[in-house]
Amino acid sequence: MLIEKRIPFRYVFRKIKNDVLRVLLFSVAFHLLKYFFSDYLPLVPFQLPTILGISISLLLAFKLNQSYDRWWEARKVWGAIVNDSRSLVLQLKGFVDESLRSTEESSTIIRLAHRQIAWCYCLGQSLRGLEPISEKQQELLHEQDLTFIQKQNNKPYALLMLHMRDLKDLHQKEAVNDFQQVQLDNTMVRLCDSMGKAERINNTVFPVTYGLFLHFFIYLFLVILSLALVETIGLYEIPVLTLIASTFFLIEKTAKHMQDPFRNKPTDTSVTAIARTIEINIKQVLQEPEVPKPLAPEKFYIM
Amino acid sequence: MLIEKRIPFRYVFRKIKNDVLRVLLFSVAFHLLKYFFSDYLPLVPFQLPTILGISISLLLAFKLNQSYDRWWEARKVWGAIVNDSRSLVLQLKGFVDESLRSTEESSTIIRLAHRQIAWCYCLGQSLRGLEPISEKQQELLHEQDLTFIQKQNNKPYALLMLHMRDLKDLHQKEAVNDFQQVQLDNTMVRLCDSMGKAERINNTVFPVTYGLFLHFFIYLFLVILSLALVETIGLYEIPVLTLIASTFFLIEKTAKHMQDPFRNKPTDTSVTAIARTIEINIKQVLQEPEVPKPLAPEKFYIM
Amino acid sequence: MLIEKRIPFRYVFRKIKNDVLRVLLFSVAFHLLKYFFSDYLPLVPFQLPTILGISISLLLAFKLNQSYDRWWEARKVWGAIVNDSRSLVLQLKGFVDESLRSTEESSTIIRLAHRQIAWCYCLGQSLRGLEPISEKQQELLHEQDLTFIQKQNNKPYALLMLHMRDLKDLHQKEAVNDFQQVQLDNTMVRLCDSMGKAERINNTVFPVTYGLFLHFFIYLFLVILSLALVETIGLYEIPVLTLIASTFFLIEKTAKHMQDPFRNKPTDTSVTAIARTIEINIKQVLQEPEVPKPLAPEKFYIM
Amino acid sequence: MLIEKRIPFRYVFRKIKNDVLRVLLFSVAFHLLKYFFSDYLPLVPFQLPTILGISISLLLAFKLNQSYDRWWEARKVWGAIVNDSRSLVLQLKGFVDESLRSTEESSTIIRLAHRQIAWCYCLGQSLRGLEPISEKQQELLHEQDLTFIQKQNNKPYALLMLHMRDLKDLHQKEAVNDFQQVQLDNTMVRLCDSMGKAERINNTVFPVTYGLFLHFFIYLFLVILSLALVETIGLYEIPVLTLIASTFFLIEKTAKHMQDPFRNKPTDTSVTAIARTIEINIKQVLQEPEVPKPLAPEKFYIM
Amino acid sequence: MLIEKRIPFRYVFRKIKNDVLRVLLFSVAFHLLKYFFSDYLPLVPFQLPTILGISISLLLAFKLNQSYDRWWEARKVWGAIVNDSRSLVLQLKGFVDESLRSTEESSTIIRLAHRQIAWCYCLGQSLRGLEPISEKQQELLHEQDLTFIQKQNNKPYALLMLHMRDLKDLHQKEAVNDFQQVQLDNTMVRLCDSMGKAERINNTVFPVTYGLFLHFFIYLFLVILSLALVETIGLYEIPVLTLIASTFFLIEKTAKHMQDPFRNKPTDTSVTAIARTIEINIKQVLQEPEVPKPLAPEKFYIM
């Protein structure tokens, strides 16, 4: 997630470098063409780029809106993960009878809570295509758990399996009653849902042709605008067209980045920071002595 | 689902061939008309196509948005199917008591899990209008089940009936308690819901007149634009109009494809790939030795 | 629901006949005025109709969108009715103990299932303002039930009362346990909700002034456009204006039809066809020998 | 709620009288200015009002959309109140055991049902800022209940408190079991939710600056349009501008009315009519002999 | 929340002072440039600012819409907090058996209810970055509770932990049964959800580049518009451009304020007033003698 600090110009410019260069090129080309063989260029009436420009703005605005919705949905999914992780631990603490609970049950709660923290980090990493079980998470997981999930493809789902196994255990030892088991199962179902939703956003390619045709449409508009401008404002056309093209391409890129919020880029949903928040909250419920600090942002973004 | 590989030009062009040819035709016709009897053409003021062009862009953008919502809803429904399929198997493993469970109950769980995989494939096939029970699924279903569903029209619904029968069995044998039965029933209700939602999207024709009038409106715009252009840029009109028409028709087609995401076309929601993912996940929970690979994409799309 | 067959031109044209005639009239009137007293017409600058045309397109596009949402919501509500009807019967079959269940309980299930079919037809009819209990439904309902609902104003709600009475009976005879009763009650609540939602869409008039002012705005636009065109393209104005007006009015009418999806018109949500689908599904669950065919579409629509 | 009858012109005109007068005034002023000192007016190019006009249309269309959403949400909330009121009574009738239930329990059901009717009227009145407990409702409530709610500020919430007290009573007398109590509590929670949602819509001022700047923007547009028109169409400017201004202001007012659907105005959500529908439905479930008629609409609206 | 009183001009103007000054500056600069070296300015055709102006209006309108959604979501979250706080207290009063309940349990209910009030204030304060536990809330909380939450980072979450502890206590003393515990836990989960949602809106920066590029785009538009105007209306350009720029910047600022509804500004969601409403409602349920007055608004806003 980009933060409200001064975003480096280079970072912004790099994204649209190629497109803007291409625009610069044909704008110069048209200028030379006009200079040497002015008769070969059609006198494009200015209403033509007006129609195209407004059409593109419309489609771009709608696309930006759909991308924004995807981005906001991704953030909502991770918000739900925060809420359900916190609820899960609150419920475990609230349901399991303290007087009855032996050291074993108590340690089961701690194991579950730590695994929940690991699950959050692991899901974030695997969405971004990174190593799902980093060193950090190995500390939070038991030896057996680590062995179990090694054989599984979908690591976060494997961790939920282990959760279910522990909850079943707690139920069989009568540490939680039938009602409470169902209530905890509801929380598990919600976590499983959130995981699936994040995977859905990550795996579903935004309709390819939609973006393709729009990109082509922007070029068509810029070529026609360039032809219209070359006749009216001459040499001024080059900076004006370049600036207009830059803005359109920048907005197109913004849409593209928001579509895919788990690509290990500065514009990502800040899943690592969110997982850290969950870690802090859960460790405070467990009243552990050492609680980590919130994740510090990088130069102009937070992961 | 189209993937982000180079989409063949032929695939894109074939879709709008007829419309573009028609536009080419009347654009040439107007040109000849102007050449030979220039007095018969009205001097269309350029603001007229401007109004029409912007109106159409607006309606097109909104239609694209509604089509996108339909497409995204279809994807969400299949996302929910992934989640509930995974939850169902997790719940069965988590609820049925391992120490108590005889071989029979254990095999019931496996039968249910396999049938759940078959259900996903079967729903995908029947939405696409293909043979709902292919060979693949016959391996996953018991002999009796296959006999039962033969007499039923709605195969996926018939498989849910069999699920319900098995769950009732588990309850009667006290392998799951009253609470757990209700919890599993909730999962069944959600699966039944997702099935109904996918059928709804598949069976509801996008308002016909809406699309029809819009298509007619685009032609009206192109004819008037052609008349306006023929007066101003002469011969250049033909390529310019063709390009503009192509873009409008391409965007219209994109909307049309997103409206109907289960038509056995490259732009479909990738239900087979999703069903394969579910198969992999479920078989790993059951710790089966042979787990299939994820579905490989075709040249430029994945089914 | 209109289907993707060739929609008769007469059907489309009849809807906008009056409006188009009026437009034709004043377009001819302005033409004559110009011809005889050309000095009395103001020289309307073409930008004026441009502003109005785009404003109207915007408002029209938004209205179309809101109408579409209403139409899609109506379809969703009936989708939910399909799902909950199917779930209800699945639950009844899954919950009531077969070995324990006497002939009486078994017949209660059949009575409930048949009444559920009748409820779907009845709700559809009453939404459309037709006779809620047709002959067809009389076959599906018991004598007593028919007597009971005669005295009730809201027939579909009365059928739900009878459902509740039967479910209470099943509970008192211990055919369903406490948990299952609550689960069935949830399904009843959802059905009651869907009924209320359909009634809400049916009874809530789309903001009247909104449509009124927009209709007035379209006329204002057409008058000013006519004035602007009469000066520029002369006689050509009449067909051009008529075509443009037709498109605007057609789109306005499309919006109007989608707003009210239960008016016994070809553009209605196809509630009879949906009720038939439910009938087929439920009768197949009951394994009845005679299952009706899906509703065949009329010439260009399905009810 | 306005109904589809002929809406009196006076009702429509009164709303925009002041704004239109102001527009008329400066339009005449500019005309005189042009007549006497034509040199003092700038030659505003017509594209300037085009930009402003389209910008305003856009913002107005979006605002209309947001207002529409608020209005539709208010209607949905009251739709949910209908559904939950009906469900509540169905549940009470379905849960409380008839054979066991003494006269006392039976009268508790009737008291609850009547109070539910009173609650609907009371909520509607208090949202509109009217006397929450009118005579009508005093008939429906017991003496004690009336005394109790007198001391309470939030009357509808106080009625829900009394509901909860009665439900607790029923539970303690074992007229409803533990499951049923929870199920009834869910219905209470939903009613409490709907009440809160209606209060939220009523108490949240639509962002003030948003409306303010837009209103100012419309004036800016009209002034500039007036300047542009005075140069081009002379005296015709006055009626043209007045008509255009009227349309914009009418649409702005429509948005304003939809924002606040509980202001005791003809454009309100018809809460009294809805409460009456609930009364009819509930009294028919109780099989009371006297059922009131549906609320008759006023001249052109229904409250 | 701003209220519908006369908003001071200074408050409005201060927000856009810098931007408007900058616009004034280059508008004067261009004027001088034109005066002294008229040959150096290009003759910008007016269609160019038209395209840009409409594009910006579109993007601005969409951004305003997304900001509005965020603002409205924040208000919905706090509406849900009102509902669930009221439900919680109703449930406690409705579930805990009065005849059985000793003074201790009764005081537990009061402690929970008071803590719920404190939680609302505390969440509001901590969202706004103020001292979460003010004097006011110290009165509402017990000594022990205050000590406990001192060591916790996330104060509102810590208060929910204490809630859970008390509910567990009530369950262990059998003041609430298993069903009721689960029902109360559902309410706790919803409160935990609302807290998380408010934190999500507060912590998620609205896509930075989106706003940045749009701001840059507005300047590009104003520069080009200024160049176009300077050629056509001369000196009048300065006031016209300033007014247009002001409107665009005001709308941009309105969007910015709605994006972040918890910044301790007059445009905030009125969380303190809402918490006060909850306090009044809860204290009336407890039938406490002293109930505070609703929060009085400041000059033109309410916090």
# chains A, B, ... in the order shown; residues from 1 in each chain; ligands from 1
call {"tool": "closest_atom_pairs", "arguments": {"of": "chain A", "to": "chain C", "cutoff": "12 Å", "atoms": "only C-alpha atoms", "output": "tab-separated table"}}
result
residue	atom	partner	partner_atom	distance
A:Gln47	CA	C:Gln47	CA	11.7
A:Ile51	CA	C:Ile54	CA	11.6
A:Ile54	CA	C:Ile54	CA	11.0
A:Leu58	CA	C:Leu58	CA	11.1
A:Phe179	CA	C:Phe179	CA	11.4
call {"tool": "residues_around", "arguments": {"residues": "E:Ala245", "least_positions_apart": "4", "cutoff": "12 Å", "atoms": "only C-alpha atoms", "output": "PyMOL selection string"}}
result
(chain D and resi 52+217+220) or (chain E and resi 16-24+27+53+215+218-223+225-226+237-241+249-252)
call {"tool": "write_last_selection", "arguments": {"atoms": "C-alpha atoms", "output": "compact mmCIF listing (two decimals), in the first residue's frame"}}
result
# COMPACT_ATOMS: atom_id res chain seq x y z
CA LEU D 52 -19.63 23.19 -17.26
CA PHE D 217 -21.92 25.15 -9.75
CA LEU D 220 -22.17 29.36 -12.38
CA ILE E 16 -8.83 25.66 -1.32
CA LYS E 17 -6.92 28.87 -0.69
CA ASN E 18 -3.56 27.61 -1.91
CA ASP E 19 -4.85 25.91 -5.02
CA VAL E 20 -6.94 28.89 -6.06
CA LEU E 21 -4.04 31.26 -5.50
CA ARG E 22 -1.84 29.18 -7.76
CA VAL E 23 -4.52 29.23 -10.47
CA LEU E 24 -4.92 32.99 -10.10
CA SER E 27 -3.96 33.04 -15.14
CA GLY E 53 -12.70 19.08 -18.71
CA HIS E 215 -4.92 16.58 -9.05
CA ILE E 218 -7.00 19.25 -13.00
CA TYR E 219 -4.00 21.58 -13.20
CA LEU E 220 -3.29 20.49 -16.78
CA PHE E 221 -6.90 21.24 -17.65
CA LEU E 222 -6.83 24.65 -15.97
CA VAL E 223 -3.61 25.68 -17.72
CA LEU E 225 -8.35 26.29 -20.38
CA SER E 226 -6.56 29.45 -19.30
CA GLU E 237 -10.65 35.18 -18.09
CA ILE E 238 -9.32 35.84 -14.60
CA PRO E 239 -12.60 35.78 -12.62
CA VAL E 240 -14.11 33.05 -14.81
CA LEU E 241 -11.13 30.73 -14.47
CA PHE E 249 -11.09 22.09 -6.15
CA LEU E 250 -14.03 22.31 -3.75
CA ILE E 251 -15.47 19.12 -5.16
CA GLU E 252 -12.07 17.44 -4.99
call {"tool": "atom_distance", "arguments": {"atom1": "atom CA of E:Pro45", "atom2": "atom CA of E:Ala228"}}
result
6.6 Å
call {"tool": "residues_around", "arguments": {"residues": "C:Thr204", "least_positions_apart": "2", "cutoff": "10 Å", "atoms": "only C-alpha atoms", "output": "list of chain:residue names"}}
result
C:Glu199, C:Arg200, C:Ile201, C:Asn202, C:Phe206, C:Pro207, C:Gln259, C:Asp260, D:Met1, D:Leu2, D:Ile3, D:Trp72, D:Arg75, D:Thr269, D:Ser270
call {"tool": "residues_around", "arguments": {"residues": "D:Glu135", "least_positions_apart": "4", "cutoff": "12 Å", "atoms": "only C-alpha atoms", "output": "ChimeraX atom specification"}}
result
/D:118,121-122,131,139-141,146
call {"tool": "residues_around", "arguments": {"residues": "stretch 6-12 of chain B", "least_positions_apart": "6", "cutoff": "10 Å", "atoms": "only C-alpha atoms", "output": "compact mmCIF listing (two decimals) with N, CA, C and O atoms, in the first residue's frame"}}
result
# COMPACT_ATOMS: atom_id res chain seq x y z
N VAL A 208 -9.31 -9.94 -20.22
CA VAL A 208 -8.14 -9.52 -20.98
C VAL A 208 -8.52 -8.61 -22.14
O VAL A 208 -7.94 -7.54 -22.33
N THR A 209 -9.52 -9.02 -22.90
CA THR A 209 -9.87 -8.25 -24.10
C THR A 209 -10.31 -6.84 -23.73
O THR A 209 -10.00 -5.88 -24.43
N LEU A 212 -7.30 -4.81 -23.30
CA LEU A 212 -6.59 -4.75 -24.58
C LEU A 212 -7.23 -3.72 -25.52
O LEU A 212 -6.54 -2.87 -26.09
N PHE A 213 -8.55 -3.83 -25.67
CA PHE A 213 -9.25 -2.95 -26.60
C PHE A 213 -9.19 -1.51 -26.12
O PHE A 213 -9.06 -0.57 -26.90
N LEU B 250 -15.94 -4.10 -30.84
CA LEU B 250 -15.16 -4.98 -29.96
C LEU B 250 -15.63 -4.83 -28.52
O LEU B 250 -15.77 -5.82 -27.78
N LYS B 253 -18.93 -6.52 -28.05
CA LYS B 253 -18.78 -7.98 -28.00
C LYS B 253 -18.22 -8.43 -26.65
O LYS B 253 -18.63 -9.44 -26.10
N PRO B 266 -14.04 -19.67 -24.99
CA PRO B 266 -12.80 -19.29 -24.29
C PRO B 266 -13.01 -18.22 -23.22
O PRO B 266 -12.21 -18.13 -22.28
N LYS B 299 -4.08 -22.77 -25.51
CA LYS B 299 -3.19 -21.75 -26.10
C LYS B 299 -3.31 -20.39 -25.42
O LYS B 299 -2.35 -19.84 -24.92
N PHE B 300 -4.51 -19.84 -25.39
CA PHE B 300 -4.64 -18.49 -24.82
C PHE B 300 -5.79 -18.38 -23.83
O PHE B 300 -6.22 -17.30 -23.47
N TYR B 301 -6.28 -19.52 -23.41
CA TYR B 301 -7.38 -19.49 -22.43
C TYR B 301 -7.36 -20.76 -21.59
O TYR B 301 -6.63 -21.70 -21.88
call {"tool": "select_by_dssp", "arguments": {"residues": "stretch 38-286 of chain D", "states": "helix (DSSP H, G or I)", "output": "VMD selection string"}}
result
chain D and resid 38 to 40 47 to 95 103 to 127 135 to 140 143 to 150 155 to 172 178 to 203 208 to 232 234 to 259 271 to 285
call {"tool": "closest_residue", "arguments": {"among": "A:Ile282, A:Ile56, A:Cys192, A:Leu41", "to": "B:Ile244", "atoms": "only C-alpha atoms"}}
result
A:Ile56
call {"tool": "closest_residue", "arguments": {"among": "A:Gly94, A:Pro261, A:Asn153, A:Ala61", "to": "B:Pro292", "atoms": "only C-alpha atoms"}}
result
A:Asn153
call {"tool": "atom_distance", "arguments": {"atom1": "atom CA of E:Ala74", "atom2": "atom CA of E:Thr187"}}
result
19.1 Å
call {"tool": "residues_around", "arguments": {"residues": "B:Ile117", "least_positions_apart": "3", "cutoff": "6 Å", "atoms": "only C-alpha atoms", "output": "list in words"}}
result
His114, Cys120 and Glu279 of chain B
call {"tool": "residues_around", "arguments": {"residues": "D:Ile274", "least_positions_apart": "4", "cutoff": "8 Å", "atoms": "only C-alpha atoms", "output": "MDAnalysis selection string"}}
result
chainID D and resid 78 82 270 278
call {"tool": "atom_distance", "arguments": {"atom1": "atom CA of A:Ala198", "atom2": "atom CA of A:Val271"}}
result
11.0 Å
